[in-house]
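**Student:** Input: one structure, supplied below.
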Amino acid sequence: MSDVESRVKRVLVGVLANGTTVAEVGSGADLVEEFGLDSLQMIAFLLGIEDEFGLELDYENLELDDLRAIGQFAGYVERLTAVTSS
């Protein structure tokens with residue numbers, strides 16, 4: 001697991017606040033199907049990601065598929081951090 005993926009999982013666990021641990025969140029975990037994030041939790045998660053990584057997500061180009069799996073979303077975040085640090 002990459003550092004970015006680990007940090008994404010920590011943000012998710014903080015938003016869930018239901019006793020789920022980082023170790024219980026798999027790379028293929030679906031944010032909506034497996035964790036039941038509602039719209040407010042999703043907003044809190046995305047804002048938490050922005051705070052955690054010090055970046056601004058590109059909501060116009062963010063696809064629903066990018067949010068389907070933790071590992072896939074971590075890859076999206078990695079690409080954004082690479083662009084903003086260049």
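Residues are referred to by chain and number: the chain letter is A, B, ... according to the order shown in the structure tokens, the number counts from 1 in that chain, and ligands are numbered separately from 1 in the order shown.
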Per DSSP on the backbone, what are the alpha helix (DSSP H) residues of region 38-81 of chain A, as number ranges by chain?

**Tutor:** A: 39-53, 70-81

**Student:** Considering only C-alpha atoms, give me a table of residues in region 39-83 of chain A that are at most 6 Å from region 16-29 of chain A, with the closest atom pair and distance in Å for each, as a tab-separated table.

**Tutor:**
residue	atom	partner	partner_atom	distance
A:Ala69	CA	A:Gly28	CA	4.8
A:Ile70	CA	A:Ser27	CA	5.1
A:Gly71	CA	A:Ser27	CA	4.6

**Student:** Would you kindly return, as an NGL selection string, each protein, DNA or RNA residue with an atom no farther than 8 Å from any atom of region 53-63 of chain A, considering only C-alpha atoms and excluding same-chain residues fewer than 4 positions away?

**Tutor:** :A and (46 or 49 or 67 or 80-81 or 84)

**Student:** What lies within 9 Å of region 40-43 of chain A using only C-alpha atoms, ignoring chain neighbours under 4 positions off, as a ChimeraX atom specification?

**Tutor:** /A:15-16,31-32,47-48

**Student:** Rank A:Val83, A:Val77, A:Ala44, A:Leu64 by their smallest atom-to-atom distance to Val11 (chain A), using only C-alpha atoms, and report the top residue only.

**Tutor:** A:Ala44

**Student:** To one decimal place in Å, what is the distance between CA of Gly75 (chain A) and CA of Arg7 (chain A)?

**Tutor:**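 If I compute the distance from CA of Gly75 (chain A) to CA of Arg7 (chain A), I get 12.0 Å.
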